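The block underneath contains the structure these notes are about, expressed in structure tokens.
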Amino acid sequence: QVQLAESGGGLVQAGGSLRLSCLASGRSFSSGAMGWFRQGPGKEREFVAAIRRSAGNTYYSDSVKDRFTISKDNAKNTVYLQMNSLKPEDTAVYYCAASIPSYYVSSAYARWENYDYWGQGTQVTVSS
């Protein structure tokens with residue numbers, strides 16, 4: 001089992017920044033990827049970003065590319081999501097997720113069904 005705990009959410013004005021953290025504990029694994037998803041009010045869960053645990057390749061949704069940066073610190077078992085130039089439409093609950101398998105096709109990490117463990121989520125609210 002893997003436990004994931006997000007932190008760093010809060011209220012910020014449009015144009016501001018936040019950094020989310022996701023601490024992983026329990027079973028250790030070196031393959032697969034870590035991802036961030038979000039779910040806004042009345043919306044479906046959507047992919048935000050992912051990072052392969054071994055190679056560090058990163059993937060982003062078009063809506064956050066060039067504004068958000070995902071990174072990892074394997075020694076600390078922590079994944080980060082640096083969010084800059086935040087917009088009101090970024091308001092959502094942000095979830096950290098862990099995918100154990102290593103998928104050859106990177107687009108597989110944009111599908112929430114391919115993740116095995118999820119955190120409880122952290123609220124991000126961007127005011128206009």
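Letters A, B, ... go to the chains of the structure tokens in the order shown; residues in each chain start at 1; ligands are counted from 1 in the same order.
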
Check: Where does DSSP see helix (DSSP H, G or I) in chain A, if you list the residues as a list in words?
Finding: Asn74, Ala75, Lys76, Pro88, Glu89, Asp90, Ser106, Ser107, Ala108, Tyr109, Ala110, Trp112, Glu113 and Asn114 of chain A

Next item on the list: Determine, counting only C-alpha atoms, which protein, DNA and RNA residues have an atom within 7 Å of an atom of Leu11 of chain A; residues of the same chain fewer than 6 positions away are not included. Present the result as number ranges by chain.
Entry: A: 124-126

Kindly save the residues from that selection, with N, CA, C and O atoms included, as a compact mmCIF listing (two decimals), in the first residue's frame.
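As a result, out_23.txt now contains:
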# COMPACT_ATOMS: atom_id res chain seq x y z
N VAL A 124 -7.51 24.37 -3.89
CA VAL A 124 -6.87 25.58 -4.41
C VAL A 124 -7.98 26.49 -4.91
O VAL A 124 -8.80 26.09 -5.75
N THR A 125 -8.01 27.69 -4.39
CA THR A 125 -9.01 28.67 -4.80
C THR A 125 -8.30 29.92 -5.29
O THR A 125 -7.48 30.50 -4.58
N VAL A 126 -8.62 30.32 -6.52
CA VAL A 126 -8.00 31.49 -7.13
C VAL A 126 -9.08 32.55 -7.31
O VAL A 126 -10.07 32.34 -8.02

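For the choices A:Ala49, A:Asp90, A:Asp73, A:Trp118, the atom-to-atom distance to Ala14 of chain A is smallest for A:Asp90 when using only C-alpha atoms.
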
Please provide the set of residues having any atom within 10 Å of Ile70 of chain A, restricted to only C-alpha atoms, with same-chain residues fewer than 6 positions apart removed, written as a PDB file with N, CA, C and O atoms, in the first residue's frame.
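Generated file (selection.pdb):
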ATOM      1  N   ARG A  19       2.646  26.387  -4.303  1.00  0.00           N
ATOM      2  CA  ARG A  19       3.366  25.145  -4.528  1.00  0.00           C
ATOM      3  C   ARG A  19       2.708  24.040  -3.713  1.00  0.00           C
ATOM      4  O   ARG A  19       2.623  24.130  -2.480  1.00  0.00           O
ATOM      5  N   LEU A  20       2.246  23.019  -4.411  1.00  0.00           N
ATOM      6  CA  LEU A  20       1.665  21.857  -3.769  1.00  0.00           C
ATOM      7  C   LEU A  20       2.739  20.800  -3.549  1.00  0.00           C
ATOM      8  O   LEU A  20       3.651  20.654  -4.372  1.00  0.00           O
ATOM      9  N   SER A  21       2.612  20.082  -2.459  1.00  0.00           N
ATOM     10  CA  SER A  21       3.520  18.974  -2.166  1.00  0.00           C
ATOM     11  C   SER A  21       2.711  17.705  -1.974  1.00  0.00           C
ATOM     12  O   SER A  21       1.572  17.742  -1.516  1.00  0.00           O
ATOM     13  N   MET A  34       4.270   9.640 -10.966  1.00  0.00           N
ATOM     14  CA  MET A  34       3.415  10.387 -10.043  1.00  0.00           C
ATOM     15  C   MET A  34       2.682  11.434 -10.847  1.00  0.00           C
ATOM     16  O   MET A  34       3.252  12.035 -11.764  1.00  0.00           O
ATOM     17  N   GLY A  35       1.431  11.661 -10.505  1.00  0.00           N
ATOM     18  CA  GLY A  35       0.644  12.621 -11.262  1.00  0.00           C
ATOM     19  C   GLY A  35      -0.164  13.530 -10.372  1.00  0.00           C
ATOM     20  O   GLY A  35      -0.364  13.257  -9.180  1.00  0.00           O
ATOM     21  N   TRP A  36      -0.580  14.628 -10.973  1.00  0.00           N
ATOM     22  CA  TRP A  36      -1.517  15.550 -10.329  1.00  0.00           C
ATOM     23  C   TRP A  36      -2.759  15.653 -11.213  1.00  0.00           C
ATOM     24  O   TRP A  36      -2.654  15.814 -12.431  1.00  0.00           O
ATOM     25  N   VAL A  48      -3.532  17.065 -14.864  1.00  0.00           N
ATOM     26  CA  VAL A  48      -2.768  18.308 -14.793  1.00  0.00           C
ATOM     27  C   VAL A  48      -1.325  18.080 -15.240  1.00  0.00           C
ATOM     28  O   VAL A  48      -0.837  18.720 -16.170  1.00  0.00           O
ATOM     29  N   ALA A  49      -0.645  17.155 -14.576  1.00  0.00           N
ATOM     30  CA  ALA A  49       0.766  16.920 -14.876  1.00  0.00           C
ATOM     31  C   ALA A  49       1.188  15.564 -14.335  1.00  0.00           C
ATOM     32  O   ALA A  49       0.556  15.028 -13.427  1.00  0.00           O
ATOM     33  N   ALA A  50       2.270  15.022 -14.903  1.00  0.00           N
ATOM     34  CA  ALA A  50       2.811  13.755 -14.432  1.00  0.00           C
ATOM     35  C   ALA A  50       4.314  13.751 -14.609  1.00  0.00           C
ATOM     36  O   ALA A  50       4.851  14.480 -15.467  1.00  0.00           O
ATOM     37  N   ILE A  51       4.981  12.926 -13.808  1.00  0.00           N
ATOM     38  CA  ILE A  51       6.432  12.803 -13.906  1.00  0.00           C
ATOM     39  C   ILE A  51       6.809  11.346 -13.683  1.00  0.00           C
ATOM     40  O   ILE A  51       6.331  10.704 -12.741  1.00  0.00           O
ATOM     41  N   GLY A  56      12.311  10.848 -14.917  1.00  0.00           N
ATOM     42  CA  GLY A  56      11.972  12.241 -14.659  1.00  0.00           C
ATOM     43  C   GLY A  56      11.284  12.953 -15.802  1.00  0.00           C
ATOM     44  O   GLY A  56      11.102  14.174 -15.745  1.00  0.00           O
ATOM     45  N   ASN A  57      10.888  12.231 -16.850  1.00  0.00           N
ATOM     46  CA  ASN A  57      10.152  12.869 -17.947  1.00  0.00           C
ATOM     47  C   ASN A  57       8.864  13.481 -17.404  1.00  0.00           C
ATOM     48  O   ASN A  57       8.205  12.888 -16.555  1.00  0.00           O
ATOM     49  N   THR A  58       8.525  14.649 -17.908  1.00  0.00           N
ATOM     50  CA  THR A  58       7.333  15.340 -17.429  1.00  0.00           C
ATOM     51  C   THR A  58       6.314  15.525 -18.545  1.00  0.00           C
ATOM     52  O   THR A  58       6.670  15.633 -19.717  1.00  0.00           O
ATOM     53  N   TYR A  59       5.049  15.564 -18.152  1.00  0.00           N
ATOM     54  CA  TYR A  59       3.947  15.734 -19.094  1.00  0.00           C
ATOM     55  C   TYR A  59       2.941  16.685 -18.486  1.00  0.00           C
ATOM     56  O   TYR A  59       2.715  16.650 -17.273  1.00  0.00           O
ATOM     57  N   TYR A  60       2.347  17.508 -19.335  1.00  0.00           N
ATOM     58  CA  TYR A  60       1.411  18.523 -18.854  1.00  0.00           C
ATOM     59  C   TYR A  60       0.182  18.578 -19.752  1.00  0.00           C
ATOM     60  O   TYR A  60       0.238  18.307 -20.948  1.00  0.00           O
ATOM     61  N   VAL A  79       6.638  14.752  -4.285  1.00  0.00           N
ATOM     62  CA  VAL A  79       6.423  15.339  -5.607  1.00  0.00           C
ATOM     63  C   VAL A  79       5.825  16.725  -5.393  1.00  0.00           C
ATOM     64  O   VAL A  79       5.001  16.926  -4.486  1.00  0.00           O
ATOM     65  N   TYR A  80       6.238  17.652  -6.230  1.00  0.00           N
ATOM     66  CA  TYR A  80       5.785  19.032  -6.105  1.00  0.00           C
ATOM     67  C   TYR A  80       5.056  19.470  -7.365  1.00  0.00           C
ATOM     68  O   TYR A  80       5.312  18.974  -8.455  1.00  0.00           O
ATOM     69  N   LEU A  81       4.178  20.432  -7.183  1.00  0.00           N
ATOM     70  CA  LEU A  81       3.544  21.092  -8.321  1.00  0.00           C
ATOM     71  C   LEU A  81       3.629  22.593  -8.070  1.00  0.00           C
ATOM     72  O   LEU A  81       2.919  23.125  -7.215  1.00  0.00           O
ATOM     73  N   GLN A  82       4.537  23.227  -8.787  1.00  0.00           N
ATOM     74  CA  GLN A  82       4.678  24.676  -8.698  1.00  0.00           C
ATOM     75  C   GLN A  82       3.691  25.300  -9.679  1.00  0.00           C
ATOM     76  O   GLN A  82       3.743  25.019 -10.876  1.00  0.00           O
ATOM     77  N   MET A  83       2.802  26.139  -9.159  1.00  0.00           N
ATOM     78  CA  MET A  83       1.755  26.738  -9.982  1.00  0.00           C
ATOM     79  C   MET A  83       1.946  28.248 -10.006  1.00  0.00           C
ATOM     80  O   MET A  83       1.864  28.900  -8.959  1.00  0.00           O
TER      81      MET A  83
END

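For the choices A:Lys87, A:Lys72, A:Arg67, A:Arg45, the atom-to-atom distance to Ala33 of chain A is smallest for A:Lys72 when using only C-alpha atoms.
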
Next item on the list: Using backbone DSSP assignments, extract all strand (DSSP E or B) residues from chain A; output them as a ChimeraX atom specification.
Entry: /A:2-7,10-13,18-26,33-39,46-52,58-60,68-73,78-83,92-99,117-118,122-127
